[in-house]
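Engineer: This is the content of run_15.cif (mmCIF, C-alpha atoms):
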```
data_run
loop_
_atom_site.label_atom_id
_atom_site.label_comp_id
_atom_site.auth_asym_id
_atom_site.auth_seq_id
_atom_site.Cartn_x
_atom_site.Cartn_y
_atom_site.Cartn_z
CA MET D 257 -16.44 -61.39 -0.48
CA GLN D 258 -16.40 -62.57 -4.08
CA GLU D 259 -15.37 -60.01 -6.71
CA VAL D 260 -18.16 -59.02 -9.08
CA THR D 261 -17.33 -59.93 -12.66
CA PRO D 262 -19.49 -60.08 -15.76
CA SER D 263 -19.86 -63.84 -15.41
CA ASN D 264 -21.21 -63.97 -11.85
CA SER D 265 -23.72 -61.15 -11.44
CA SER D 266 -26.92 -60.61 -13.40
CA THR D 267 -27.85 -57.78 -11.01
CA GLU D 268 -24.61 -56.02 -11.95
CA ARG D 269 -25.61 -56.22 -15.62
CA SER D 270 -29.07 -54.94 -14.81
CA THR D 271 -27.48 -51.99 -13.00
CA TRP D 272 -25.15 -51.01 -15.85
CA MET D 273 -27.93 -51.41 -18.43
CA GLY D 274 -30.07 -49.03 -16.38
CA VAL D 275 -27.23 -46.53 -16.19
CA LEU D 276 -26.67 -46.77 -19.95
CA SER D 277 -30.36 -46.34 -20.74
CA ARG D 278 -30.70 -43.24 -18.53
CA SER D 279 -27.49 -41.64 -19.77
CA ASP D 280 -27.22 -38.63 -22.03
CA ARG D 281 -26.24 -39.87 -25.51
CA ASP D 282 -23.64 -37.19 -26.12
CA HIS D 283 -21.96 -37.85 -22.77
CA LEU D 284 -22.03 -41.61 -23.39
CA THR D 285 -20.53 -41.35 -26.87
CA SER D 286 -17.78 -39.04 -25.62
CA LEU D 287 -16.81 -41.66 -23.00
CA VAL D 288 -16.71 -44.57 -25.45
CA LYS D 289 -15.01 -43.08 -28.51
CA ASP D 290 -12.31 -45.76 -28.39
CA VAL D 291 -14.76 -48.69 -28.65
CA THR D 292 -17.20 -47.48 -31.29
CA ASN D 293 -15.23 -49.17 -34.08
CA VAL D 294 -15.48 -52.68 -32.58
CA PRO D 295 -16.75 -55.08 -35.26
CA PHE D 296 -20.19 -56.61 -34.66
CA VAL D 297 -23.22 -57.99 -36.50
CA TRP D 298 -26.77 -56.88 -35.92
CA LEU D 299 -29.13 -59.38 -34.33
CA ARG D 300 -31.84 -56.72 -34.20
CA LYS D 301 -31.23 -53.34 -35.78
CA PRO D 302 -32.47 -50.38 -33.74
CA GLN D 303 -36.27 -50.36 -33.68
CA VAL D 304 -38.59 -47.72 -32.27
CA GLY D 305 -41.71 -48.92 -30.49
CA LEU D 306 -44.02 -48.33 -27.56
CA VAL D 307 -44.20 -49.85 -24.12
CA MET D 308 -47.03 -49.54 -21.63
CA VAL D 309 -45.98 -47.76 -18.46
CA ARG D 310 -47.73 -48.95 -15.30
CA GLY D 311 -48.00 -47.08 -12.04
CA ARG D 312 -49.35 -47.52 -8.52
CA ALA D 313 -51.32 -44.95 -6.59
CA GLY D 314 -49.12 -43.84 -3.72
CA GLY D 315 -46.49 -46.35 -4.80
CA THR D 316 -48.32 -49.20 -3.06
CA GLY D 317 -51.86 -49.21 -4.45
CA ALA D 318 -53.33 -51.28 -7.23
CA ALA D 319 -51.41 -51.15 -10.52
CA PHE D 320 -52.92 -49.16 -13.37
CA ASN D 321 -51.89 -48.34 -16.95
CA LEU D 322 -50.37 -44.87 -16.85
CA GLY D 323 -49.75 -44.52 -20.59
CA GLU D 324 -47.40 -45.44 -23.41
CA MET D 325 -43.76 -44.45 -23.77
CA THR D 326 -41.56 -44.51 -26.87
CA VAL D 327 -38.56 -46.85 -26.58
CA THR D 328 -35.74 -47.78 -28.96
CA ARG D 329 -34.16 -51.23 -28.69
CA CYS D 330 -31.50 -53.20 -30.50
CA ALA D 331 -29.28 -56.25 -30.13
CA LEU D 332 -25.85 -56.95 -31.57
CA GLN D 333 -23.24 -59.70 -31.42
CA LEU D 334 -19.50 -59.25 -31.20
CA GLU D 335 -17.10 -61.46 -33.16
CA ASP D 336 -16.56 -63.70 -30.09
CA GLY D 337 -20.32 -64.34 -29.78
CA THR D 338 -21.05 -61.94 -26.90
CA VAL D 339 -24.52 -60.43 -27.25
CA GLY D 340 -25.24 -56.86 -26.19
CA GLN D 341 -28.64 -55.25 -25.88
CA GLY D 342 -29.68 -51.64 -25.69
CA TYR D 343 -32.98 -50.18 -24.55
CA VAL D 344 -33.39 -46.40 -24.33
CA GLN D 345 -36.31 -44.07 -23.83
CA GLY D 346 -37.24 -42.12 -26.93
CA ARG D 347 -36.29 -42.49 -30.60
CA ASP D 348 -32.51 -42.28 -30.43
CA LYS D 349 -31.15 -45.19 -32.48
CA ARG D 350 -27.49 -44.13 -32.00
CA HIS D 351 -27.95 -44.11 -28.24
CA ALA D 352 -29.44 -47.62 -28.31
CA LYS D 353 -26.57 -48.89 -30.50
CA CYS D 354 -23.95 -47.36 -28.21
CA ALA D 355 -25.65 -48.83 -25.11
CA ALA D 356 -25.78 -52.29 -26.73
CA LEU D 357 -22.12 -52.13 -27.71
CA VAL D 358 -21.03 -51.12 -24.20
CA ASP D 359 -23.27 -53.83 -22.73
CA ALA D 360 -21.56 -56.47 -24.88
CA LEU D 361 -18.08 -55.23 -24.04
CA LEU D 362 -18.83 -55.09 -20.31
CA GLN D 363 -19.57 -58.82 -20.43
CA GLN D 364 -15.98 -59.54 -21.49
CA GLU D 365 -13.42 -60.11 -18.75
CA SER D 366 -10.79 -58.11 -20.66
CA GLU D 367 -12.92 -54.94 -20.89
CA TYR D 368 -15.07 -55.15 -17.76
CA LYS D 369 -12.98 -53.26 -15.18
CA ARG D 370 -11.78 -50.62 -17.63
CA LEU D 371 -15.26 -49.78 -18.95
CA LEU D 372 -16.80 -49.92 -15.50
CA ALA D 373 -14.33 -47.28 -14.30
CA SER D 374 -14.19 -45.14 -17.44
CA VAL D 375 -17.84 -45.27 -18.57
CA ILE D 376 -20.33 -46.56 -15.99
CA GLU D 377 -18.98 -44.74 -12.93
CA PRO D 378 -18.82 -41.31 -14.65
CA LEU D 379 -22.35 -41.84 -15.99
CA LYS D 380 -23.59 -42.77 -12.50
CA GLU D 381 -21.97 -39.64 -11.07
CA ARG D 382 -23.56 -37.42 -13.73
CA GLN D 383 -26.96 -38.99 -13.09
CA ALA D 384 -26.61 -38.47 -9.32
CA GLU D 385 -25.69 -34.81 -9.91
CA ARG D 386 -28.74 -34.32 -12.14
CA LYS D 387 -31.00 -35.95 -9.55
CA LEU D 388 -29.61 -33.71 -6.80
CA GLU D 389 -30.08 -30.63 -8.96
CA GLN D 390 -33.69 -31.60 -9.68
CA SER D 391 -34.29 -32.17 -5.97
CA ARG D 392 -32.89 -28.73 -5.16
CA LYS D 393 -35.12 -27.09 -7.78
CA ALA D 394 -38.15 -28.91 -6.42
CA ALA D 395 -37.27 -27.95 -2.83
CA ALA D 396 -36.94 -24.31 -3.85
CA THR D 397 -40.56 -24.29 -5.05
CA LYS D 398 -41.96 -26.04 -1.97
CA VAL D 399 -44.84 -24.23 -0.31
CA ASP D 400 -45.66 -24.86 3.35
CA PHE D 401 -49.33 -24.44 4.11
CA PHE D 402 -50.43 -23.93 7.65
CA THR D 403 -53.56 -22.82 9.42
CA MET D 404 -53.53 -19.88 11.73
CA VAL D 405 -55.84 -20.16 14.69
CA ARG D 406 -57.33 -16.99 16.05
CA GLY D 407 -57.53 -16.23 19.73
CA GLY D 408 -60.70 -17.78 21.09
CA ASP D 409 -64.19 -18.89 20.24
CA PRO D 410 -66.07 -16.49 17.96
CA GLU D 411 -69.07 -16.23 20.35
#
```
Please lay out the structure from this file as structure tokens.
Structural biologist:
Amino acid sequence: MQEVTPSNSSTERSTWMGVLSRSDRDHLTSLVKDVTNVPFVWLRKPQVGLVMVRGRAGGTGAAFNLGEMTVTRCALQLEDGTVGQGYVQGRDKRHAKCAALVDALLQQESEYKRLLASVIEPLKERQAERKLEQSRKAAATKVDFFTMVRGGDPE
């Protein structure tokens, strides 16, 4: 099996960008303190905008416009030419910048394994814990409805 590196897997990049976008900004910035001073130039400074969210009834029905969601995006370029992009829900420009910087660094062979282990994996674990906690809370509020049948015919 071929080792996944930044140069041979676009699905890997898609995965880490998803993890970065769903992460808590404070947790992300605490994990990447050592890389926040990496020199870069802005290709697109953080911008706040709207995207249309689409849904499907029952997950399989016809697509419909659910509503709009606020998103912040940006793009930056490192000194070696590597481009990083950040897309995050909401209006958090610092979160988008941090996500773009980590995205760019993860594309470099020299930083890939280190950042994958020290940033992406801890973020994935935190997100899995939050999802489990939400599932437990939802399960605790579950109501089972049932119908009681009385003895016989009411004649």
Engineer: Closest to D:Lys387 among D:Leu362, D:Arg278, D:Gly337, D:Val294, using only C-alpha atoms?
Structural biologist: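 Using only C-alpha atoms, D:Lys387 sits closest to D:Arg278.
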Engineer: Would you translate the PyMOL selection byres ((chain D and resi 346-353) around 9) into the concrete set of residues it matches in this file, as an NGL selection string?
Structural biologist: :D and (276-277 or 279-282 or 284-285 or 301-305 or 325-332 or 341-345 or 354-358)
Engineer: Name the residues captured by the PyMOL selection byres ((chain D and resi 372-378) around 12) when it is applied to the shown file; answer as number ranges by chain.
Structural biologist: D: 260-262, 268-269, 271-280, 283-291, 354-355, 358-359, 361-371, 379-385
Engineer: As an exercise, work out the distance from atom CA of D:Phe320 to atom CA of D:Met308 in Å and give it to one decimal place.
Structural biologist: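 Spanning atom CA of D:Phe320 to atom CA of D:Met308 is a straight-line distance of 10.2 Å.
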